[in-house]
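S.K.: This is the content of target_24.pdb (PDB, C-alpha atoms and all ligand atoms):
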```pdb
ATOM      1  CA  MET Y   1     111.692 116.498  82.643
ATOM      2  CA  SER Y   2     113.954 113.520  83.162
ATOM      3  CA  VAL Y   3     113.458 109.808  82.741
ATOM      4  CA  GLU Y   4     115.010 106.979  84.741
ATOM      5  CA  GLU Y   5     114.648 103.236  84.489
ATOM      6  CA  SER Y   6     114.776 100.959  87.473
ATOM      7  CA  TYR Y   7     113.923  97.418  88.468
ATOM      8  CA  LEU Y   8     110.907  97.488  90.785
ATOM      9  CA  ARG Y   9     107.829  95.415  91.592
ATOM     10  CA  CYS Y  10     104.628  96.283  89.716
ATOM     11  CA  THR Y  11     101.334  96.749  91.572
ATOM     12  CA  ALA Y  12      99.396  95.742  88.441
ATOM     13  CA  CYS Y  13     101.105  92.487  87.381
ATOM     14  CA  ASP Y  14     102.928  91.879  90.696
ATOM     15  CA  GLN Y  15     106.125  91.032  88.801
ATOM     16  CA  GLU Y  16     109.579  92.495  89.197
ATOM     17  CA  ALA Y  17     110.268  94.448  86.015
ATOM     18  CA  GLU Y  18     112.022  97.491  84.622
ATOM     19  CA  HIS Y  19     109.899 100.553  85.239
ATOM     20  CA  VAL Y  20     110.186 103.820  83.341
ATOM     21  CA  VAL Y  21     109.990 106.624  85.883
ATOM     22  CA  VAL Y  22     109.274 110.130  84.535
ATOM     23  CA  TYR Y  23     110.143 113.143  86.673
ATOM     24  CA  ALA Y  24     108.655 116.609  86.322
ATOM     25  CA  GLY Y  25     111.280 118.619  88.157
ATOM     26  CA  ARG Y  26     111.924 116.959  91.497
ATOM     27  CA  PHE Y  27     108.755 114.875  91.514
ATOM     28  CA  VAL Y  28     107.730 111.618  89.873
ATOM     29  CA  SER Y  29     104.852 112.301  87.495
ATOM     30  CA  GLN Y  30     104.520 108.981  85.695
ATOM     31  CA  ILE Y  31     105.561 105.364  86.129
ATOM     32  CA  GLN Y  32     105.246 102.679  83.470
ATOM     33  CA  CYS Y  33     105.872  98.960  83.907
ATOM     34  CA  THR Y  34     107.712  97.628  80.868
ATOM     35  CA  GLY Y  35     106.454  94.143  81.718
ATOM     36  CA  CYS Y  36     102.689  94.649  81.505
ATOM     37  CA  GLY Y  37     102.533  98.257  80.269
ATOM     38  CA  ALA Y  38     100.537  99.552  83.249
ATOM     39  CA  VAL Y  39     100.896 103.322  83.632
ATOM     40  CA  THR Y  40     100.491 105.317  86.836
ATOM     41  CA  ARG Y  41     100.156 109.071  86.418
ATOM     42  CA  LEU Y  42     100.254 111.549  89.214
ATOM     43  CA  ASP Y  43      99.028 115.109  89.206
ATOM     44  CA  VAL Y  44     102.169 116.652  90.606
ATOM     45  CA  SER Y  45     101.208 120.203  89.661
ATOM     46  CA  GLU Y  46     100.052 121.216  93.147
ATOM     47  CA  ASP Y  47     103.348 120.278  94.727
ATOM     48  CA  TYR Y  48     105.472 120.922  91.781
ATOM     49  CA  LEU Y  49     104.310 124.183  90.224
ATOM     50  CA  PRO Y  50     105.208 126.419  93.181
ATOM     51  CA  ASP Y  51     108.672 124.876  93.006
ATOM     52  CA  LEU Y  52     108.929 125.624  89.300
ATOM     53  CA  ARG Y  53     107.421 129.120  89.651
ATOM     54  CA  GLN Y  54     109.983 129.944  92.267
ATOM     55  CA  ARG Y  55     112.768 128.872  89.970
ATOM     56  CA  ILE Y  56     111.422 130.951  87.092
ATOM     57  CA  SER Y  57     110.845 134.071  89.185
ATOM     58  CA  SER Y  58     114.317 133.952  90.680
ATOM     59  CA  LYS Y  59     115.903 133.530  87.268
ATOM     60  CA  PRO Y  60     115.901 137.160  86.028
ATOM     61  CA  ARG Y  61     117.436 138.296  89.294
ATOM     62  CA  ARG Y  62     120.142 135.673  89.023
ATOM     63  CA  LEU Y  63     120.886 136.785  85.479
ATOM     64  CA  MET Y  64     121.051 140.442  86.544
ATOM     65  CA  ARG Y  65     123.444 139.606  89.339
ATOM     66  CA  ARG Y  66     125.715 137.766  86.962
ATOM     67  CA  LEU Y  67     125.474 140.534  84.365
ATOM     68  CA  ARG Y  68     126.665 143.105  86.890
ATOM     69  CA  ARG Y  69     129.446 140.844  88.076
ATOM     70  CA  ASP Y  70     130.811 139.767  84.736
ATOM     71  CA  PRO Y  71     129.156 141.394  81.711
ATOM     72  CA  GLY Y  72     131.572 139.980  79.137
ATOM     73  CA  GLN Y  73     131.309 136.403  80.248
ATOM     74  CA  LEU Y  74     127.546 136.522  80.398
ATOM     75  CA  ALA Y  75     127.236 138.050  76.934
ATOM     76  CA  THR Y  76     128.850 135.015  75.376
ATOM     77  CA  SER Y  77     126.917 132.490  77.457
ATOM     78  CA  LEU Y  78     123.561 134.274  77.423
ATOM     79  CA  PRO Y  79     122.143 133.147  74.085
ATOM     80  CA  VAL Y  80     122.701 129.452  74.803
ATOM     81  CA  ARG Y  81     121.335 129.716  78.302
ATOM     82  CA  THR Y  82     118.247 131.730  77.472
ATOM     83  CA  LEU Y  83     117.433 129.403  74.637
ATOM     84  CA  SER Y  84     117.991 126.116  76.435
ATOM     85  CA  LYS Y  85     116.587 126.902  79.892
ATOM     86  CA  PRO Y  86     113.099 127.998  78.769
ATOM     87  CA  GLY Y  87     113.080 125.019  76.432
ATOM     88  CA  ARG Y  88     113.688 122.669  79.318
ATOM     89  CA  MET Y  89     111.159 124.502  81.483
ATOM     90  CA  ALA Y  90     108.493 124.274  78.778
ATOM     91  CA  GLN Y  91     109.123 120.565  78.556
ATOM     92  CA  GLU Y  92     108.616 120.267  82.301
ATOM     93  CA  PHE Y  93     105.374 122.222  82.058
ATOM     94  CA  ARG Y  94     104.114 119.928  79.342
ATOM     95  CA  THR Y  95     104.801 116.883  81.494
ATOM     96  CA  VAL Y  96     102.829 118.367  84.359
ATOM     97  CA  TRP Y  97     100.027 119.435  82.078
ATOM     98  CA  ARG Y  98      99.817 116.024  80.442
ATOM     99  CA  SER Y  99      99.707 114.237  83.761
ATOM    100  CA  ARG Y 100      96.916 116.575  84.875
ATOM    101  CA  ARG Y 101      94.886 116.056  81.699
ATOM    102  CA  ASP Y 102      95.187 112.277  81.752
ATOM    103  CA  SER Y 103      94.437 111.739  85.396
TER     104      SER Y 103
ATOM    105  CA  MET N   1     124.070 100.987 104.654
ATOM    106  CA  LEU N   2     123.370  98.295 102.109
ATOM    107  CA  ALA N   3     122.400  99.106  98.513
ATOM    108  CA  GLY N   4     122.560  95.610  97.079
ATOM    109  CA  GLY N   5     119.390  95.630  95.030
ATOM    110  CA  SER N   6     117.297  92.550  94.464
ATOM    111  CA  GLY N   7     119.024  89.607  92.865
ATOM    112  CA  THR N   8     120.033  89.642  89.252
ATOM    113  CA  ARG N   9     118.587  92.426  87.218
ATOM    114  CA  VAL N  10     118.068  92.728  83.527
ATOM    115  CA  GLY N  11     117.985  95.843  81.364
ATOM    116  CA  ALA N  12     119.861  99.097  81.546
ATOM    117  CA  GLY N  13     118.072 100.657  84.502
ATOM    118  CA  ILE N  14     119.685 101.914  87.667
ATOM    119  CA  ASN N  15     119.545 100.371  91.128
ATOM    120  CA  LYS N  16     116.472 101.780  92.881
ATOM    121  CA  ALA N  17     118.720 103.033  95.699
ATOM    122  CA  PHE N  18     120.012 105.646  93.252
ATOM    123  CA  LEU N  19     116.645 106.780  91.854
ATOM    124  CA  PRO N  20     115.943 110.423  92.673
ATOM    125  CA  LEU N  21     113.461 111.108  95.452
ATOM    126  CA  ALA N  22     112.494 114.781  95.714
ATOM    127  CA  GLY N  23     115.836 116.056  94.533
ATOM    128  CA  ARG N  24     118.387 113.549  95.730
ATOM    129  CA  SER N  25     118.917 109.805  95.561
ATOM    130  CA  ILE N  26     116.954 107.408  97.737
ATOM    131  CA  ALA N  27     120.189 106.240  99.406
ATOM    132  CA  ALA N  28     121.274 109.786 100.267
ATOM    133  CA  TRP N  29     118.160 110.412 102.368
ATOM    134  CA  GLY N  30     118.942 107.606 104.801
ATOM    135  CA  LEU N  31     122.675 108.302 104.837
ATOM    136  CA  ASN N  32     122.139 111.936 105.800
ATOM    137  CA  THR N  33     119.658 111.006 108.513
ATOM    138  CA  LEU N  34     121.964 108.382 110.017
ATOM    139  CA  ALA N  35     124.917 110.777 109.844
ATOM    140  CA  SER N  36     122.951 113.294 111.919
ATOM    141  CA  VAL N  37     122.438 110.866 114.805
ATOM    142  CA  GLU N  38     124.632 111.512 117.823
ATOM    143  CA  GLY N  39     127.043 108.624 118.274
ATOM    144  CA  VAL N  40     127.168 107.702 114.591
ATOM    145  CA  GLY N  41     130.760 108.092 113.415
ATOM    146  CA  ASN N  42     131.595 106.114 110.312
ATOM    147  CA  LEU N  43     129.252 105.604 107.371
ATOM    148  CA  VAL N  44     130.046 102.480 105.354
ATOM    149  CA  PHE N  45     128.133 102.364 102.083
ATOM    150  CA  VAL N  46     128.038  98.838 100.603
ATOM    151  CA  VAL N  47     127.247  98.760  96.887
ATOM    152  CA  ARG N  48     127.606  96.510  93.875
ATOM    153  CA  SER N  49     130.637  97.089  91.701
ATOM    154  CA  GLU N  50     128.450  98.365  88.840
ATOM    155  CA  ASP N  51     127.034 101.017  91.181
ATOM    156  CA  LEU N  52     130.379 102.404  92.392
ATOM    157  CA  GLU N  53     130.113 105.472  90.185
ATOM    158  CA  HIS N  54     126.643 106.276  91.519
ATOM    159  CA  ALA N  55     127.891 105.783  95.070
ATOM    160  CA  ARG N  56     130.785 108.179  94.511
ATOM    161  CA  PHE N  57     128.351 110.761  93.176
ATOM    162  CA  VAL N  58     126.209 110.399  96.306
ATOM    163  CA  ASP N  59     129.349 110.847  98.420
ATOM    164  CA  ALA N  60     130.529 113.897  96.497
ATOM    165  CA  ARG N  61     127.241 115.687  95.925
ATOM    166  CA  GLU N  62     124.405 114.439  98.083
ATOM    167  CA  THR N  63     125.766 113.740 101.548
ATOM    168  CA  ASP N  64     127.402 116.031 104.065
ATOM    169  CA  SER N  65     129.495 113.389 105.824
ATOM    170  CA  PRO N  66     132.175 111.378 104.024
ATOM    171  CA  LEU N  67     131.241 107.811 103.049
ATOM    172  CA  GLU N  68     133.449 104.735 103.129
ATOM    173  CA  ILE N  69     132.336 103.007  99.949
ATOM    174  CA  ILE N  70     132.976  99.277  99.628
ATOM    175  CA  THR N  71     131.854  96.603  97.181
ATOM    176  CA  GLY N  72     129.398  94.059  98.569
ATOM    177  CA  GLY N  73     128.986  90.344  97.990
ATOM    178  CA  GLU N  74     126.513  88.106  96.194
ATOM    179  CA  THR N  75     124.046  88.031  99.065
ATOM    180  CA  ARG N  76     122.867  90.448 101.694
ATOM    181  CA  GLN N  77     124.598  88.435 104.396
ATOM    182  CA  GLU N  78     127.895  88.402 102.509
ATOM    183  CA  SER N  79     127.644  92.176 102.057
ATOM    184  CA  GLU N  80     127.071  92.606 105.788
ATOM    185  CA  LEU N  81     130.066  90.384 106.536
ATOM    186  CA  LEU N  82     132.268  92.445 104.199
ATOM    187  CA  ALA N  83     131.101  95.660 105.872
ATOM    188  CA  LEU N  84     131.896  94.242 109.316
ATOM    189  CA  ARG N  85     135.317  93.036 108.115
ATOM    190  CA  HIS N  86     135.935  96.519 106.716
ATOM    191  CA  LEU N  87     135.432  97.819 110.269
ATOM    192  CA  ALA N  88     137.193  94.892 111.982
ATOM    193  CA  ASP N  89     140.299  96.821 113.084
ATOM    194  CA  ARG N  90     138.204  99.571 114.582
ATOM    195  CA  ILE N  91     135.888  97.011 116.216
ATOM    196  CA  ASP N  92     138.881  95.157 117.725
ATOM    197  CA  SER N  93     140.386  98.391 119.050
ATOM    198  CA  GLY N  94     137.072  99.423 120.569
ATOM    199  CA  ALA N  95     136.800 102.545 118.413
ATOM    200  CA  VAL N  96     133.561 101.103 117.013
ATOM    201  CA  ASP N  97     131.351  99.529 119.703
ATOM    202  CA  THR N  98     128.002  99.292 117.913
ATOM    203  CA  VAL N  99     126.889  98.912 114.303
ATOM    204  CA  LEU N 100     123.599  99.863 112.685
ATOM    205  CA  ILE N 101     122.762  97.980 109.505
ATOM    206  CA  HIS N 102     120.259  99.773 107.288
ATOM    207  CA  ASP N 103     118.629  99.167 103.887
ATOM    208  CA  ALA N 104     119.241 101.947 101.380
ATOM    209  CA  ALA N 105     115.700 101.280 100.109
ATOM    210  CA  ARG N 106     114.249 102.699 103.362
ATOM    211  CA  PRO N 107     114.955 106.391 102.745
ATOM    212  CA  LEU N 108     112.550 107.861 105.290
ATOM    213  CA  ILE N 109     114.073 106.467 108.469
ATOM    214  CA  SER N 110     113.658 109.202 111.076
ATOM    215  CA  HIS N 111     116.367 110.641 113.252
ATOM    216  CA  GLY N 112     114.348 109.612 116.308
ATOM    217  CA  LEU N 113     113.974 105.968 115.292
ATOM    218  CA  ALA N 114     117.652 105.599 114.361
ATOM    219  CA  SER N 115     118.620 107.122 117.729
ATOM    220  CA  ALA N 116     116.238 104.797 119.576
ATOM    221  CA  VAL N 117     117.663 101.693 117.870
ATOM    222  CA  LEU N 118     121.238 102.789 118.598
ATOM    223  CA  HIS N 119     120.387 103.496 122.215
ATOM    224  CA  ALA N 120     118.588 100.153 122.683
ATOM    225  CA  ALA N 121     121.391  98.240 120.953
ATOM    226  CA  ARG N 122     123.906  99.777 123.344
ATOM    227  CA  GLU N 123     121.692  98.814 126.303
ATOM    228  CA  THR N 124     120.902  95.221 125.375
ATOM    229  CA  GLY N 125     123.421  94.267 122.691
ATOM    230  CA  GLY N 126     120.906  94.034 119.855
ATOM    231  CA  ALA N 127     117.834  95.986 118.741
ATOM    232  CA  VAL N 128     115.557  96.200 115.714
ATOM    233  CA  PRO N 129     112.574  98.394 114.818
ATOM    234  CA  GLY N 130     109.320  96.420 114.801
ATOM    235  CA  ILE N 131     105.697  97.200 114.109
ATOM    236  CA  PRO N 132     103.115  95.007 115.867
ATOM    237  CA  ALA N 133     101.526  92.927 113.115
ATOM    238  CA  SER N 134      97.909  93.000 114.192
ATOM    239  CA  ASP N 135      96.820  92.551 110.580
ATOM    240  CA  ILE N 136      98.421  89.131 110.205
ATOM    241  CA  ALA N 137      96.326  85.955 110.423
ATOM    242  CA  ALA N 138      97.282  82.308 110.065
ATOM    243  CA  ALA N 139      96.113  80.576 106.899
ATOM    244  CA  GLY N 140      94.132  77.385 107.373
ATOM    245  CA  PRO N 141      93.197  74.732 104.808
ATOM    246  CA  GLU N 142      91.481  75.675 101.533
ATOM    247  CA  GLN N 143      91.375  79.447 101.756
ATOM    248  CA  THR N 144      90.034  79.481 105.291
ATOM    249  CA  LEU N 145      91.672  81.146 108.246
ATOM    250  CA  ALA N 146      93.160  78.897 110.882
ATOM    251  CA  THR N 147      90.887  78.634 113.892
ATOM    252  CA  ASP N 148      93.047  76.737 116.339
ATOM    253  CA  GLY N 149      94.420  79.956 117.736
ATOM    254  CA  GLU N 150      98.054  78.873 117.506
ATOM    255  CA  LEU N 151      99.072  82.262 116.266
ATOM    256  CA  ARG N 152      99.076  84.993 118.850
ATOM    257  CA  ARG N 153      98.713  88.104 116.745
ATOM    258  CA  ASP N 154      99.950  90.386 119.473
ATOM    259  CA  ALA N 155     103.159  88.344 119.559
ATOM    260  CA  LEU N 156     104.255  89.225 116.034
ATOM    261  CA  VAL N 157     106.128  92.253 114.775
ATOM    262  CA  ARG N 158     107.073  93.282 111.260
ATOM    263  CA  VAL N 159     110.786  93.956 111.392
ATOM    264  CA  GLN N 160     112.425  96.969 109.743
ATOM    265  CA  THR N 161     115.926  98.405 109.612
ATOM    266  CA  PRO N 162     118.237  99.839 110.926
ATOM    267  CA  GLN N 163     119.160  96.812 113.015
ATOM    268  CA  GLY N 164     121.704  97.592 115.721
ATOM    269  CA  PHE N 165     124.182  95.225 117.366
ATOM    270  CA  HIS N 166     127.184  95.110 119.634
ATOM    271  CA  ALA N 167     129.874  95.247 116.972
ATOM    272  CA  ALA N 168     132.374  92.617 118.190
ATOM    273  CA  THR N 169     129.619  90.087 118.897
ATOM    274  CA  ILE N 170     127.926  90.471 115.527
ATOM    275  CA  LEU N 171     131.267  90.352 113.681
ATOM    276  CA  ASP N 172     132.042  87.021 115.398
ATOM    277  CA  ALA N 173     128.543  85.773 114.584
ATOM    278  CA  TYR N 174     128.932  86.602 110.906
ATOM    279  CA  GLU N 175     132.346  84.944 110.705
ATOM    280  CA  ALA N 176     130.880  81.828 112.342
ATOM    281  CA  ALA N 177     127.874  81.866 109.988
ATOM    282  CA  ALA N 178     130.217  82.166 107.000
ATOM    283  CA  ARG N 179     132.231  79.141 108.200
ATOM    284  CA  ASP N 180     129.023  77.107 108.632
ATOM    285  CA  GLY N 181     127.353  78.288 105.467
ATOM    286  CA  PHE N 182     124.365  79.518 107.486
ATOM    287  CA  VAL N 183     122.142  81.961 105.637
ATOM    288  CA  GLY N 184     119.659  84.022 107.624
ATOM    289  CA  THR N 185     116.934  86.370 106.460
ATOM    290  CA  ASP N 186     118.361  89.456 108.153
ATOM    291  CA  THR N 187     120.929  90.584 110.693
ATOM    292  CA  ALA N 188     118.699  89.641 113.628
ATOM    293  CA  SER N 189     118.273  86.053 112.429
ATOM    294  CA  CYS N 190     122.030  85.629 112.270
ATOM    295  CA  ALA N 191     122.336  87.101 115.761
ATOM    296  CA  GLU N 192     119.708  84.706 117.097
ATOM    297  CA  GLU N 193     121.511  81.724 115.621
ATOM    298  CA  TYR N 194     125.035  82.594 116.717
ATOM    299  CA  THR N 195     124.866  84.811 119.776
ATOM    300  CA  ASP N 196     123.220  84.941 123.191
ATOM    301  CA  ILE N 197     122.297  88.570 122.648
ATOM    302  CA  PRO N 198     118.669  89.197 123.587
ATOM    303  CA  VAL N 199     117.486  91.163 120.558
ATOM    304  CA  SER N 200     115.041  93.802 121.697
ATOM    305  CA  TRP N 201     112.660  95.724 119.506
ATOM    306  CA  VAL N 202     111.705  99.355 119.527
ATOM    307  CA  ARG N 203     108.562 100.671 117.902
ATOM    308  CA  GLY N 204     109.167 101.137 114.191
ATOM    309  CA  GLU N 205     107.513 103.714 111.962
ATOM    310  CA  GLU N 206     105.086 103.210 109.092
ATOM    311  CA  THR N 207     106.927 105.915 107.145
ATOM    312  CA  ASN N 208     110.100 103.816 107.358
ATOM    313  CA  PHE N 209     108.766 101.523 104.628
ATOM    314  CA  LYS N 210     110.942  99.783 102.064
ATOM    315  CA  ILE N 211     110.669 100.935  98.474
ATOM    316  CA  THR N 212     109.644  97.735  96.749
ATOM    317  CA  TYR N 213     106.766  98.581  94.426
ATOM    318  CA  ALA N 214     107.244 101.293  91.819
ATOM    319  CA  GLN N 215     104.297 103.160  93.335
ATOM    320  CA  ASP N 216     106.168 103.333  96.645
ATOM    321  CA  LEU N 217     108.111 106.177  95.002
ATOM    322  CA  LEU N 218     104.890 108.200  94.907
ATOM    323  CA  LEU N 219     104.176 107.380  98.528
ATOM    324  CA  ALA N 220     107.706 108.369  99.524
ATOM    325  CA  GLN N 221     107.536 111.742  97.797
ATOM    326  CA  ASP N 222     104.149 112.331  99.442
ATOM    327  CA  VAL N 223     105.743 111.709 102.819
ATOM    328  CA  VAL N 224     108.595 114.061 101.956
ATOM    329  CA  SER N 225     106.067 116.784 101.031
ATOM    330  CA  ALA N 226     103.733 116.122 103.949
ATOM    331  CA  LEU N 227     106.498 116.154 106.551
ATOM    332  CA  GLY N 228     108.157 119.134 104.895
ATOM    333  CA  LEU N 229     111.466 117.279 104.765
ATOM    334  CA  ARG N 230     114.329 119.194 103.251
ATOM    335  CA  THR N 231     116.792 117.993 100.660
ATOM    336  CA  ARG N 232     119.657 119.336 102.714
TER     337      ARG N 232
HETATM  338 ZN    ZN K   1     103.457  95.299  85.443
END
```
Produce structure tokens that represent the structure in this file.
M.R.:
Amino acid sequence: MSVEESYLRCTACDQEAEHVVVYAGRFVSQIQCTGCGAVTRLDVSEDYLPDLRQRISSKPRRLMRRLRRDPGQLATSLPVRTLSKPGRMAQEFRTVWRSRRDS
Amino acid sequence: MLAGGSGTRVGAGINKAFLPLAGRSIAAWGLNTLASVEGVGNLVFVVRSEDLEHARFVDARETDSPLEIITGGETRQESELLALRHLADRIDSGAVDTVLIHDAARPLISHGLASAVLHAARETGGAVPGIPASDIAAAGPEQTLATDGELRRDALVRVQTPQGFHAATILDAYEAAARDGFVGTDTASCAEEYTDIPVSWVRGEETNFKITYAQDLLLAQDVVSALGLRTR
């Protein structure tokens, strides 16, 4: 999940205002106008989940490739990576799930 | 390509041209499409000074062709003038014969439309994409529609970008406009005021819309998914 802010026009209040744009992976899942507070949520799971699944399924293979290539280097970097990557992925899942529940 | 943004902004947000759209910035989509058009040589990316870092990132990571990044002016027209001056030597030598001026906020310009505008601009001296505005009506008094039939609906087009022009002619026009203090709404209006170029229009595309409303981001990513467009 990542969050950007940008100056855009709002469909609810029709004013130009900063908007908080939330991304679940590559796709926008939520937009909030900081002027009037209007929130637009999008169920991005249909488009987005195959993308995320693909990334997860290719991950063990990528790790195995690296392990064969450079076992020592991976051993030192593995704990950080295995801890942080699933953490980020879980956060992305929650964003998708929330947008699905609220819509 | 112009990434000026709209007027003065407040807050810490980024220029919409640099918001991600399905994996890369909005500006990068149009730049890569234009770069793929046969006949397009140089890509000049006009940005505000506060966006230079973003622009360099786009150049380094999101586009395949090198960008010539320059800082724009206070207005759209001034930014266009600076871009044309940046190319002036190459325009004078004949190395650059035609320019296409495109809004970074129109990421989904198609290869076909950009080619058509370039081709038409080379034929006639000036060309813009237009969509017949059959949904436009003239307003009459007190919330009524005008009935005197002054407005011929089939005679109106909604104009998009890229707008293409004979380079030497449009450079002269912009220098003349700058001397006179003339401010037009777009490149075509400046051409109409200062040149004899007959500006033709080619059929624009609904998907070549300008990201204005926040919700346009959702529309744009839908188009990316529906058309199966690739990030690279
Ligand atoms: Zn609003």
S.K.: List the residues selected by the PyMOL selection byres (((chain Y and resi 32) around 6) and not hetatm) in the file shown, writing them as a short mmCIF file (atom, residue, chain, number, x, y, z; two decimals) with C-alpha atoms, in the frame of the given file.
M.R.:
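Result went into part-v2.cif, see below:
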```cif
data_model
loop_
_atom_site.label_atom_id
_atom_site.label_comp_id
_atom_site.auth_asym_id
_atom_site.auth_seq_id
_atom_site.Cartn_x
_atom_site.Cartn_y
_atom_site.Cartn_z
CA HIS Y 19 109.90 100.55 85.24
CA VAL Y 20 110.19 103.82 83.34
CA ILE Y 31 105.56 105.36 86.13
CA CYS Y 33 105.87 98.96 83.91
CA ALA Y 38 100.54 99.55 83.25
CA VAL Y 39 100.90 103.32 83.63
#
```
S.K.: Could you list the residues chosen by the PyMOL selection byres (((chain N and resi 207-209) around 8) and not hetatm) in this structure as a compact mmCIF listing (two decimals) with C-alpha atoms, keeping the file's coordinate frame?
M.R.:
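Saved the output as part.txt:
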```txt
# COMPACT_ATOMS: atom_id res chain seq x y z
CA ARG N 106 114.25 102.70 103.36
CA PRO N 107 114.96 106.39 102.74
CA LEU N 108 112.55 107.86 105.29
CA ILE N 109 114.07 106.47 108.47
CA SER N 110 113.66 109.20 111.08
CA GLN N 160 112.42 96.97 109.74
CA GLY N 204 109.17 101.14 114.19
CA GLU N 205 107.51 103.71 111.96
CA GLU N 206 105.09 103.21 109.09
CA LYS N 210 110.94 99.78 102.06
CA ILE N 211 110.67 100.94 98.47
CA VAL N 223 105.74 111.71 102.82
```
S.K.: One decimal, in Å: what's the spacing between CA of Thr185 (chain N) and CA of Gln77 (chain N)?
M.R.: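 Atom-to-atom, CA of Thr185 (chain N) to CA of Gln77 (chain N), that is 8.2 Å.
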S.K.: Rank N:Ser36, N:Asn42, N:Ser189, N:Gln221 by their smallest atom-to-atom distance to chain Y, using all atoms listed in the file, and report the top residue only.
M.R.: N:Gln221
S.K.: Let me have all residues with an atom within 12 Å of ligand ZN 1 (chain K), counting only C-alpha atoms and all ligand atoms, laid out as a PyMOL selection string.
M.R.: (chain Y and resi 7-20+31-40) or (chain N and resi 213-215)
S.K.: What's the separation between CA of Leu2 (chain N) and CA of Asp135 (chain N), in Å to one decimal place?
M.R.: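 About the pair CA of Leu2 (chain N) and CA of Asp135 (chain N): they are 28.5 Å apart.
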S.K.: Which polymer residues have any atom within 8 Å of an atom of Gly126 (chain N), counting only C-alpha atoms, with same-chain residues fewer than 4 positions away left out, as a PyMOL selection string?
M.R.: chain N and resi 120-122+163-166+188+197-200
S.K.: Write the residues you've just listed into a file as a tab-separated table (two decimals), keeping the file's coordinate frame, and include C-alpha atoms for each of them.
M.R.:
```tsv
chain	number	residue	atom	x	y	z
N	120	ALA	CA	118.59	100.15	122.68
N	121	ALA	CA	121.39	98.24	120.95
N	122	ARG	CA	123.91	99.78	123.34
N	163	GLN	CA	119.16	96.81	113.02
N	164	GLY	CA	121.70	97.59	115.72
N	165	PHE	CA	124.18	95.22	117.37
N	166	HIS	CA	127.18	95.11	119.63
N	188	ALA	CA	118.70	89.64	113.63
N	197	ILE	CA	122.30	88.57	122.65
N	198	PRO	CA	118.67	89.20	123.59
N	199	VAL	CA	117.49	91.16	120.56
N	200	SER	CA	115.04	93.80	121.70
```
S.K.: When you count only C-alpha atoms, which of these residues is closest to Tyr174 (chain N): N:Ala116, N:Glu80, N:Glu62, N:Thr144?
M.R.: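 So, comparing all the options, the nearest one is N:Glu80.
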S.K.: Nearest to chain N: which of Y:Tyr23, Y:Arg41, Y:Ser6, Y:Gln30 is it, counting only C-alpha atoms?
M.R.: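 Among the listed residues, the smallest separation from chain N belongs to Y:Ser6.
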S.K.: Please expand the PyMOL selection byres (((chain N and resi 84-89) around 12) and not hetatm) into the concrete residues it hits in this file, giving the result as a VMD selection string.
M.R.: chain N and resid 1 to 2 41 to 46 68 to 72 77 to 83 90 to 101 165 to 175 187
S.K.: Using only C-alpha atoms and a distance of at most 10 Å, pull out the residues of chain N that contact chain Y, as a PyMOL selection string.
M.R.: chain N and resi 5-6+8-24+211-218+221-222+225
S.K.: For a test of reading the model, state the distance in Å between CA of Pro162 (chain N) and CA of Val117 (chain N), rounded to one decimal.
M.R.: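 About the pair CA of Pro162 (chain N) and CA of Val117 (chain N): they are 7.2 Å apart.
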S.K.: Model the absent atoms of region 204-211 of chain N so that N, CA, C and O atoms are present, and write the result as an mmCIF file, in the coordinates of the input.
M.R.:
```cif
data_model
loop_
_atom_site.group_PDB
_atom_site.id
_atom_site.type_symbol
_atom_site.label_atom_id
_atom_site.label_comp_id
_atom_site.auth_asym_id
_atom_site.auth_seq_id
_atom_site.Cartn_x
_atom_site.Cartn_y
_atom_site.Cartn_z
ATOM 1 N N GLY N 204 108.798 100.615 115.495
ATOM 2 C CA GLY N 204 109.167 101.137 114.191
ATOM 3 C C GLY N 204 108.187 102.203 113.724
ATOM 4 O O GLY N 204 107.285 102.600 114.461
ATOM 5 N N GLU N 205 108.378 102.668 112.502
ATOM 6 C CA GLU N 205 107.513 103.714 111.962
ATOM 7 C C GLU N 205 106.973 103.295 110.599
ATOM 8 O O GLU N 205 107.711 102.757 109.780
ATOM 9 N N GLU N 206 105.685 103.569 110.383
ATOM 10 C CA GLU N 206 105.086 103.210 109.092
ATOM 11 C C GLU N 206 105.774 103.948 107.934
ATOM 12 O O GLU N 206 105.852 103.447 106.827
ATOM 13 N N THR N 207 106.273 105.154 108.216
ATOM 14 C CA THR N 207 106.927 105.915 107.145
ATOM 15 C C THR N 207 108.302 105.335 106.788
ATOM 16 O O THR N 207 108.860 105.669 105.755
ATOM 17 N N ASN N 208 108.804 104.448 107.621
ATOM 18 C CA ASN N 208 110.100 103.816 107.358
ATOM 19 C C ASN N 208 109.900 102.572 106.488
ATOM 20 O O ASN N 208 110.486 101.527 106.734
ATOM 21 N N PHE N 209 109.046 102.689 105.480
ATOM 22 C CA PHE N 209 108.766 101.523 104.628
ATOM 23 C C PHE N 209 109.874 101.330 103.595
ATOM 24 O O PHE N 209 110.652 102.247 103.317
ATOM 25 N N LYS N 210 109.918 100.118 103.057
ATOM 26 C CA LYS N 210 110.942 99.783 102.064
ATOM 27 C C LYS N 210 110.376 100.020 100.674
ATOM 28 O O LYS N 210 109.265 99.566 100.371
ATOM 29 N N ILE N 211 111.124 100.710 99.848
ATOM 30 C CA ILE N 211 110.669 100.935 98.474
ATOM 31 C C ILE N 211 110.819 99.640 97.700
ATOM 32 O O ILE N 211 111.929 99.183 97.433
#
```
